[in-house]
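What follows is the content of data_37.txt, which has compact mmCIF, C-alpha atoms:
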# COMPACT_ATOMS: atom_id res chain seq x y z
CA MET A 6 -85.23 19.34 5.51
CA GLU A 7 -83.33 16.11 4.84
CA ASN A 8 -80.04 16.62 3.03
CA LEU A 9 -80.75 14.72 -0.20
CA THR A 10 -78.08 16.56 -2.16
CA ARG A 11 -75.27 15.56 0.17
CA GLN A 12 -76.34 11.94 -0.26
CA GLU A 13 -75.95 12.36 -4.04
CA ILE A 14 -72.75 14.37 -4.30
CA SER A 15 -69.68 14.24 -2.07
CA ILE A 16 -67.80 17.24 -3.44
CA ASN A 17 -68.50 20.95 -3.22
CA LEU A 18 -70.29 22.40 -6.27
CA GLU A 19 -67.94 25.36 -6.66
CA VAL A 20 -65.00 22.95 -6.54
CA MET A 21 -66.78 20.81 -9.14
CA ASP A 22 -67.08 23.86 -11.43
CA MET A 23 -63.38 24.60 -11.03
CA LEU A 24 -62.50 20.95 -11.72
CA ASN A 25 -64.58 21.13 -14.90
CA GLU A 26 -62.59 24.20 -15.94
CA GLN A 27 -59.43 22.24 -15.17
CA ILE A 28 -60.65 19.42 -17.45
CA ALA A 29 -60.82 21.94 -20.30
CA LYS A 30 -57.31 23.21 -19.47
CA GLU A 31 -55.82 19.71 -19.42
CA GLN A 32 -57.51 18.86 -22.72
CA LYS A 33 -56.26 22.09 -24.27
CA ALA A 34 -52.74 21.27 -23.05
CA SER A 35 -53.02 17.82 -24.63
CA SER A 36 -54.04 19.34 -27.98
CA LEU A 37 -51.32 21.99 -27.78
CA TYR A 38 -48.63 19.34 -27.11
CA LEU A 39 -49.95 17.31 -30.02
CA ALA A 40 -49.52 20.36 -32.28
CA MET A 41 -45.97 20.77 -30.93
CA ALA A 42 -45.25 17.07 -31.55
CA SER A 43 -46.41 17.50 -35.14
CA TRP A 44 -44.14 20.55 -35.63
CA CYS A 45 -41.15 18.58 -34.29
CA ASP A 46 -42.00 15.44 -36.26
CA GLN A 47 -42.18 17.39 -39.53
CA ARG A 48 -38.66 18.73 -38.89
CA THR A 49 -37.25 15.29 -38.00
CA LEU A 50 -36.68 16.30 -34.39
CA VAL A 51 -37.42 12.71 -33.39
CA LYS A 52 -36.78 12.82 -29.65
CA SER A 53 -38.63 16.13 -29.19
CA ALA A 54 -41.58 14.75 -31.16
CA SER A 55 -41.65 11.64 -28.94
CA PHE A 56 -41.45 13.87 -25.87
CA PHE A 57 -44.49 15.90 -26.94
CA TYR A 58 -46.51 12.87 -28.05
CA LYS A 59 -45.94 11.49 -24.57
CA GLN A 60 -46.84 14.83 -22.98
CA ALA A 61 -50.08 14.94 -25.01
CA GLU A 62 -51.02 11.48 -23.74
CA GLU A 63 -50.19 12.44 -20.14
CA GLU A 64 -52.32 15.58 -20.24
CA ARG A 65 -55.22 13.54 -21.57
CA GLU A 66 -54.70 11.06 -18.72
CA HIS A 67 -54.84 13.98 -16.27
CA MET A 68 -58.05 15.17 -17.90
CA MET A 69 -59.58 11.69 -17.63
CA LYS A 70 -58.51 11.38 -14.01
CA ILE A 71 -60.39 14.57 -13.07
CA PHE A 72 -63.32 13.65 -15.32
CA ARG A 73 -63.83 10.30 -13.59
CA PHE A 74 -63.29 11.78 -10.14
CA ILE A 75 -66.15 14.26 -10.64
CA ASN A 76 -68.54 11.59 -11.88
CA ASP A 77 -67.49 9.07 -9.22
CA ALA A 78 -68.19 11.72 -6.57
CA GLY A 79 -71.75 12.11 -7.90
CA GLY A 80 -71.10 15.32 -9.82
CA ALA A 81 -71.37 16.10 -13.51
CA ALA A 82 -68.23 16.18 -15.66
CA TYR A 83 -68.49 17.96 -19.00
CA SER A 84 -66.58 17.06 -22.14
CA PRO A 85 -64.61 20.16 -23.11
CA LYS A 86 -64.58 22.00 -26.41
CA VAL A 87 -61.07 22.75 -27.59
CA SER A 88 -60.37 25.52 -30.07
CA ASP A 89 -57.65 27.98 -31.06
CA ILE A 90 -54.74 25.56 -31.01
CA THR A 91 -51.77 27.15 -32.74
CA HIS A 92 -49.56 25.09 -35.04
CA GLU A 93 -47.18 27.98 -35.76
CA PHE A 94 -43.91 27.97 -33.83
CA SER A 95 -40.65 29.72 -34.64
CA SER A 96 -38.12 27.44 -32.93
CA LEU A 97 -37.67 24.38 -30.72
CA ARG A 98 -36.57 26.61 -27.88
CA GLU A 99 -39.75 28.69 -28.21
CA ILE A 100 -41.78 25.48 -28.00
CA PHE A 101 -40.15 24.49 -24.70
CA GLU A 102 -40.53 28.04 -23.34
CA LEU A 103 -44.23 27.97 -24.21
CA THR A 104 -44.49 24.55 -22.57
CA LEU A 105 -42.94 25.86 -19.34
CA ASN A 106 -45.30 28.85 -19.27
CA HIS A 107 -48.24 26.57 -19.92
CA GLU A 108 -47.23 24.15 -17.14
CA ILE A 109 -46.80 27.07 -14.72
CA SER A 110 -50.32 28.29 -15.53
CA VAL A 111 -51.70 24.77 -14.97
CA THR A 112 -49.88 24.58 -11.61
CA GLN A 113 -51.36 27.94 -10.56
CA SER A 114 -54.78 26.73 -11.59
CA ILE A 115 -54.42 23.56 -9.49
CA TYR A 116 -53.28 25.67 -6.51
CA LYS A 117 -56.41 27.84 -6.84
CA ILE A 118 -58.63 24.75 -6.68
CA VAL A 119 -56.74 23.45 -3.64
CA ALA A 120 -57.22 26.86 -1.97
CA LYS A 121 -60.97 26.70 -2.73
CA CYS A 122 -61.13 23.15 -1.28
CA ARG A 123 -59.64 24.44 1.96
CA GLN A 124 -62.00 27.41 2.03
CA VAL A 125 -65.11 25.21 1.71
CA ASN A 126 -63.75 22.24 3.73
CA ASP A 127 -63.82 19.87 0.74
CA PHE A 128 -61.05 17.64 2.06
CA GLY A 129 -61.85 14.77 -0.31
CA SER A 130 -61.16 16.90 -3.38
CA GLU A 131 -58.08 18.42 -1.73
CA ASN A 132 -56.71 14.94 -1.09
CA PHE A 133 -57.41 13.98 -4.72
CA LEU A 134 -55.58 17.09 -5.97
CA MET A 135 -52.38 16.38 -4.00
CA TRP A 136 -51.29 13.96 -6.74
CA PHE A 137 -51.62 16.80 -9.27
CA VAL A 138 -49.60 19.19 -7.10
CA ALA A 139 -46.68 16.72 -7.05
CA GLU A 140 -47.10 15.91 -10.75
CA GLN A 141 -47.05 19.58 -11.77
CA LEU A 142 -43.83 20.27 -9.87
CA GLU A 143 -42.23 17.29 -11.60
CA GLU A 144 -43.41 18.49 -15.03
CA GLU A 145 -42.09 22.01 -14.46
CA GLU A 146 -38.72 20.61 -13.36
CA THR A 147 -38.41 18.45 -16.50
CA ILE A 148 -39.03 21.44 -18.81
CA LYS A 149 -36.68 23.69 -16.82
CA ASP A 150 -33.92 21.05 -17.16
CA ILE A 151 -34.44 20.99 -20.94
CA LEU A 152 -34.26 24.80 -21.14
CA ASP A 153 -31.06 24.71 -19.06
CA MET A 154 -29.65 22.29 -21.60
CA PHE A 155 -30.46 24.78 -24.39
CA ASP A 156 -28.49 27.45 -22.48
CA LEU A 157 -25.53 25.14 -21.92
CA SER A 158 -25.48 23.95 -25.55
CA GLY A 159 -24.89 27.45 -26.91
CA ASP A 160 -24.76 27.38 -30.71
CA MET A 161 -24.72 23.61 -31.07
CA PRO A 162 -26.78 22.17 -33.98
CA LEU A 163 -30.46 21.48 -33.27
CA GLN A 164 -29.97 17.74 -33.81
CA TYR A 165 -27.44 17.70 -30.97
CA ILE A 166 -30.02 19.19 -28.59
CA ASP A 167 -32.81 16.97 -29.90
CA GLU A 168 -30.79 13.83 -29.18
CA ARG A 169 -30.61 14.87 -25.53
CA ILE A 170 -34.34 15.42 -24.99
CA PRO A 171 -35.55 12.88 -22.42
CA VAL A 172 -38.16 10.59 -23.92
CA GLU A 173 -38.99 8.68 -20.74
CA LYS A 174 -39.49 10.63 -17.53
CA MET B 26 -92.82 18.12 -0.61
CA GLU B 27 -90.64 20.78 0.98
CA LEU B 28 -90.15 24.15 -0.66
CA ILE B 29 -86.54 24.93 -1.65
CA PHE B 30 -86.78 28.20 -3.54
CA SER B 31 -89.29 30.30 -5.41
CA SER B 32 -88.65 32.95 -8.10
CA LYS B 33 -91.12 35.05 -10.08
CA TYR B 34 -92.01 32.25 -12.50
CA TYR B 35 -90.62 29.01 -10.99
CA THR B 36 -90.59 27.04 -7.75
CA SER B 37 -88.40 24.14 -6.65
CA TYR B 38 -89.27 21.46 -4.11
CA GLN B 39 -87.55 18.50 -2.54
CA SER B 40 -89.35 15.26 -1.77
CA SER B 41 -87.61 13.15 0.86
CA THR B 42 -90.20 10.39 0.30
CA ASP B 43 -89.62 10.16 -3.47
CA ARG B 44 -85.93 11.03 -3.03
CA CYS B 45 -86.06 13.53 -5.88
CA TYR B 46 -86.80 17.16 -6.70
CA TYR B 47 -89.71 18.89 -8.41
CA ILE B 48 -89.78 22.08 -10.44
CA ASP B 49 -93.02 23.94 -10.97
CA PHE B 50 -92.76 25.76 -14.29
CA GLY B 51 -96.17 27.39 -13.91
CA HIS B 52 -97.99 25.36 -16.55
CA LYS B 53 -96.56 22.02 -15.39
CA THR B 54 -94.60 20.43 -12.55
CA VAL B 55 -91.63 18.28 -13.53
CA LYS B 56 -90.07 15.50 -11.45
CA ILE B 57 -86.30 15.78 -11.60
CA SER B 58 -83.37 13.70 -10.33
CA PHE B 59 -80.23 15.23 -8.84
CA CYS B 60 -78.11 14.62 -11.94
CA GLN B 61 -80.83 16.24 -14.07
CA LEU B 62 -80.82 19.19 -11.66
CA LEU B 63 -77.04 19.46 -12.13
CA SER B 64 -77.59 19.45 -15.88
CA LEU B 65 -80.05 22.35 -15.51
CA ARG B 66 -77.48 24.20 -13.42
CA TYR B 67 -74.95 23.77 -16.24
CA LYS B 68 -77.45 25.09 -18.79
CA ALA B 69 -78.42 28.03 -16.58
CA LYS B 70 -74.74 28.90 -16.17
CA LYS B 71 -74.29 29.03 -19.95
CA MET B 72 -77.46 31.12 -20.27
CA SER B 73 -76.20 33.65 -17.73
CA SER B 74 -73.35 34.96 -19.89
CA ILE B 75 -73.62 38.49 -21.30
CA GLU B 76 -72.95 37.13 -24.82
CA TYR B 77 -75.85 34.69 -24.51
CA ILE B 78 -78.30 37.35 -23.29
CA GLU B 79 -77.17 39.81 -25.99
CA GLU B 80 -77.63 37.16 -28.68
CA LEU B 81 -81.08 36.36 -27.29
CA LEU B 82 -82.17 40.02 -27.20
CA THR B 83 -80.78 40.83 -30.64
CA HIS B 84 -82.02 37.86 -32.61
CA ASN B 85 -85.05 35.98 -31.38
CA ASP B 86 -86.04 36.71 -27.75
CA THR B 87 -87.09 33.08 -27.28
CA VAL B 88 -85.24 29.90 -26.40
CA LEU B 89 -86.40 26.29 -26.27
CA LEU B 90 -84.84 24.34 -23.42
CA ALA B 91 -84.83 20.53 -23.33
CA LEU B 92 -84.66 19.09 -19.84
CA CYS B 93 -84.82 15.82 -17.89
CA ASP B 94 -83.08 13.78 -20.61
CA ASN B 95 -85.18 15.46 -23.33
CA GLN B 96 -88.49 14.40 -21.73
CA HIS B 97 -89.68 18.01 -21.51
CA LEU B 98 -89.36 21.12 -23.63
CA ILE B 99 -89.78 24.54 -22.06
CA LEU B 100 -90.11 27.77 -24.03
CA PHE B 101 -88.56 30.86 -22.45
CA ASP B 102 -88.52 34.51 -23.44
CA THR B 103 -85.66 36.78 -22.29
CA LEU B 104 -87.31 37.73 -18.98
CA MET B 105 -88.01 34.08 -18.24
CA VAL B 106 -84.37 33.19 -19.03
CA LEU B 107 -83.14 35.84 -16.58
CA ASP B 108 -85.59 34.60 -13.95
CA PHE B 109 -84.62 30.96 -14.62
CA VAL B 110 -80.91 31.77 -14.11
CA ASP B 111 -81.74 33.44 -10.75
CA PHE B 112 -84.06 30.57 -9.88
CA ILE B 113 -81.35 27.92 -10.37
CA LYS B 114 -78.81 30.02 -8.45
CA GLY B 115 -81.33 30.47 -5.62
CA THR B 116 -82.22 26.78 -5.55
CA PHE B 117 -78.59 25.70 -5.18
CA ALA B 118 -77.88 28.48 -2.67
CA MET B 119 -80.75 27.22 -0.49
CA ILE B 120 -79.56 23.62 -0.85
CA GLU B 121 -76.08 24.71 0.29
CA LEU B 122 -77.51 26.72 3.16
CA ASN B 123 -79.55 23.71 4.27
CA ASP B 124 -76.37 21.59 4.12
CA THR B 125 -74.50 24.14 6.29
CA LEU B 126 -77.33 24.30 8.84
CA LEU B 127 -77.55 20.52 9.08
CA VAL B 128 -73.78 20.12 9.53
CA SER B 129 -73.59 22.80 12.24
Let me see the structure of the file written as structure tokens.
Amino acid sequence: MENLTRQEISINLEVMDMLNEQIAKEQKASSLYLAMASWCDQRTLVKSASFFYKQAEEEREHMMKIFRFINDAGGAAYSPKVSDITHEFSSLREIFELTLNHEISVTQSIYKIVAKCRQVNDFGSENFLMWFVAEQLEEEETIKDILDMFDLSGDMPLQYIDERIPVEK
Amino acid sequence: MELIFSSKYYTSYQSSTDRCYYIDFGHKTVKISFCQLLSLRYKAKKMSSIEYIEELLTHNDTVLLALCDNQHLILFDTLMVLDFVDFIKGTFAMIELNDTLLVS
């Protein structure tokens, strides 16, 4: 039987499913960072707000990158439904801790897809995901640096810490 | 047309000449493109969840499925839904198996 399917789609279907799940995760991250930006903005934590607005945009860019990759490869990308985004946070430090945990979970998720790519010999998708592997390590490092700054700042006023949040990466 | 997979109620075929797929739903045979087949796979995946089946059994026992860009409507009862989910899984499993055999 002629392989019609392979002529239509160049990525593995299980990998495609995982990439669709990743789309939902990236979109959820974007919405979560937007909620964090709003929390910071309302408390005049200007630099932190800018940081999270930027993060929200970046996560959406990641989502779009995967979305277009799936469709360009002949697959079917699905627009994700996002719900249960919390807007309740107790402190700026908690926000950055949540961000680090979230980024770690995204990194783990990317690693799982890369592992699946290797298992099913989907080298095209693996190659595509290498950019995300590097990007995730960079994101984790940025958040860890900010949390280190919190530790070093001790009991300094919140405005002092906010002024030192990097706006441009 | 070459047979891909057959379940209790449904049968899928591939046509290398027409470069498309066909699904025999019993009362009618529907011509389907690959992206429409992927869309059916997505729907079948949603229909395979325990929550979906429970909702179906508890409330109405029937579901109307639009397919091929809303060109066709198919009515399923719970048994047909379960069979359809297996049918789609089987169809894609056979497609993958065919791919593996051709590569090796």
Which residues of chain B are close to chain A, meaning at most 12 Å apart when you count only C-alpha atoms, and how do they look as a ChimeraX atom specification? /B:26-29,38-46,58-68,70,114,116-128
May I have the residues within 10 Å of A:Met21 as a PyMOL selection string, using only C-alpha atoms and disregarding those fewer than 2 positions away in the same chain? chain A and resi 16-19+23-27+71+74-76+78+80-82+118+122+130
Could you save the residues just selected, with C-alpha atoms, as a PDB file, in the frame of the given file?
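Final file, again.pdb:
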ATOM      1  CA  ILE A  16     -67.800  17.240  -3.440  1.00  0.00           C
ATOM      2  CA  ASN A  17     -68.500  20.950  -3.220  1.00  0.00           C
ATOM      3  CA  LEU A  18     -70.290  22.400  -6.270  1.00  0.00           C
ATOM      4  CA  GLU A  19     -67.940  25.360  -6.660  1.00  0.00           C
ATOM      5  CA  MET A  23     -63.380  24.600 -11.030  1.00  0.00           C
ATOM      6  CA  LEU A  24     -62.500  20.950 -11.720  1.00  0.00           C
ATOM      7  CA  ASN A  25     -64.580  21.130 -14.900  1.00  0.00           C
ATOM      8  CA  GLU A  26     -62.590  24.200 -15.940  1.00  0.00           C
ATOM      9  CA  GLN A  27     -59.430  22.240 -15.170  1.00  0.00           C
ATOM     10  CA  ILE A  71     -60.390  14.570 -13.070  1.00  0.00           C
ATOM     11  CA  PHE A  74     -63.290  11.780 -10.140  1.00  0.00           C
ATOM     12  CA  ILE A  75     -66.150  14.260 -10.640  1.00  0.00           C
ATOM     13  CA  ASN A  76     -68.540  11.590 -11.880  1.00  0.00           C
ATOM     14  CA  ALA A  78     -68.190  11.720  -6.570  1.00  0.00           C
ATOM     15  CA  GLY A  80     -71.100  15.320  -9.820  1.00  0.00           C
ATOM     16  CA  ALA A  81     -71.370  16.100 -13.510  1.00  0.00           C
ATOM     17  CA  ALA A  82     -68.230  16.180 -15.660  1.00  0.00           C
ATOM     18  CA  ILE A 118     -58.630  24.750  -6.680  1.00  0.00           C
ATOM     19  CA  CYS A 122     -61.130  23.150  -1.280  1.00  0.00           C
ATOM     20  CA  SER A 130     -61.160  16.900  -3.380  1.00  0.00           C
TER      21      SER A 130
END
Can you work out the spacing between atom CA of A:Met68 and atom CA of A:Trp136 in Å, to one decimal? 13.1 Å
Residues near A:Leu39, anyone? I mean within 9 Å using all atoms listed in the file, not counting same-chain ones fewer than 6 positions away, as number ranges by chain. A: 54, 57-62
Residues within 12 Å of A:Thr104, please, as number ranges by chain. Count all atoms listed in the file; anything in the same chain fewer than 3 positions from it doesn't count. A: 34-35, 37-42, 56-57, 60-61, 94, 97-101, 107-111, 144-149, 151-152
Of the candidates B:Gly115, B:Thr103, B:Tyr47, B:Phe30, which shows the shortest atom-to-atom distance to B:Thr83, using all atoms listed in the file?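 Counting all atoms listed in the file, the residue closest to B:Thr83 is B:Thr103.
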What does the structure give for the distance between atom CA of A:Ala139 and atom CA of A:Lys30, in Å to one decimal?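 Calculated distance between atom CA of A:Ala139 and atom CA of A:Lys30 is 17.6 Å.
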Would you mind telling me which residue in A:Gln141, A:Asp150, A:Asp156, A:Glu66 lies nearest to A:Thr112 when using all atoms listed in the file? A:Gln141
To one decimal place in Å, what is the distance between atom CA of B:Asp111 and atom CA of B:Leu98?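 About the pair atom CA of B:Asp111 and atom CA of B:Leu98: they are 19.4 Å apart.
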Model the absent atoms of stretch 11-27 of chain A so that N, CA and C atoms are present, and write the result as an mmCIF file, keeping the file's coordinate frame.
data_model
loop_
_atom_site.group_PDB
_atom_site.id
_atom_site.type_symbol
_atom_site.label_atom_id
_atom_site.label_comp_id
_atom_site.auth_asym_id
_atom_site.auth_seq_id
_atom_site.Cartn_x
_atom_site.Cartn_y
_atom_site.Cartn_z
ATOM 1 N N ARG A 11 -76.529 16.080 -0.368
ATOM 2 C CA ARG A 11 -75.270 15.560 0.170
ATOM 3 C C ARG A 11 -75.157 14.054 -0.013
ATOM 4 N N GLN A 12 -76.342 13.393 -0.039
ATOM 5 C CA GLN A 12 -76.340 11.940 -0.260
ATOM 6 C C GLN A 12 -76.029 11.601 -1.716
ATOM 7 N N GLU A 13 -76.208 12.591 -2.613
ATOM 8 C CA GLU A 13 -75.950 12.360 -4.040
ATOM 9 C C GLU A 13 -74.541 12.755 -4.456
ATOM 10 N N ILE A 14 -74.056 13.834 -3.871
ATOM 11 C CA ILE A 14 -72.750 14.370 -4.300
ATOM 12 C C ILE A 14 -71.836 14.588 -3.099
ATOM 13 N N SER A 15 -70.583 14.139 -3.223
ATOM 14 C CA SER A 15 -69.680 14.240 -2.070
ATOM 15 C C SER A 15 -68.628 15.324 -2.230
ATOM 16 N N ILE A 16 -68.736 16.113 -3.309
ATOM 17 C CA ILE A 16 -67.800 17.240 -3.440
ATOM 18 C C ILE A 16 -68.578 18.545 -3.499
ATOM 19 N N ASN A 17 -67.881 19.629 -3.197
ATOM 20 C CA ASN A 17 -68.500 20.950 -3.220
ATOM 21 C C ASN A 17 -68.777 21.380 -4.663
ATOM 22 N N LEU A 18 -69.908 22.035 -4.903
ATOM 23 C CA LEU A 18 -70.290 22.400 -6.270
ATOM 24 C C LEU A 18 -69.350 23.428 -6.918
ATOM 25 N N GLU A 19 -68.877 24.375 -6.107
ATOM 26 C CA GLU A 19 -67.940 25.360 -6.660
ATOM 27 C C GLU A 19 -66.618 24.676 -7.051
ATOM 28 N N VAL A 20 -66.211 23.718 -6.222
ATOM 29 C CA VAL A 20 -65.000 22.950 -6.540
ATOM 30 C C VAL A 20 -65.244 22.146 -7.817
ATOM 31 N N MET A 21 -66.436 21.574 -7.930
ATOM 32 C CA MET A 21 -66.780 20.810 -9.140
ATOM 33 C C MET A 21 -66.676 21.708 -10.388
ATOM 34 N N ASP A 22 -67.166 22.934 -10.289
ATOM 35 C CA ASP A 22 -67.080 23.860 -11.430
ATOM 36 C C ASP A 22 -65.615 24.125 -11.809
ATOM 37 N N MET A 23 -64.798 24.325 -10.770
ATOM 38 C CA MET A 23 -63.380 24.600 -11.030
ATOM 39 C C MET A 23 -62.686 23.373 -11.634
ATOM 40 N N LEU A 24 -63.091 22.189 -11.163
ATOM 41 C CA LEU A 24 -62.500 20.950 -11.720
ATOM 42 C C LEU A 24 -62.920 20.789 -13.179
ATOM 43 N N ASN A 25 -64.148 21.191 -13.499
ATOM 44 C CA ASN A 25 -64.580 21.130 -14.900
ATOM 45 C C ASN A 25 -63.766 22.091 -15.775
ATOM 46 N N GLU A 26 -63.457 23.263 -15.204
ATOM 47 C CA GLU A 26 -62.590 24.200 -15.940
ATOM 48 C C GLU A 26 -61.197 23.600 -16.123
ATOM 49 N N GLN A 27 -60.752 22.872 -15.088
ATOM 50 C CA GLN A 27 -59.430 22.240 -15.170
ATOM 51 C C GLN A 27 -59.409 21.149 -16.252
#
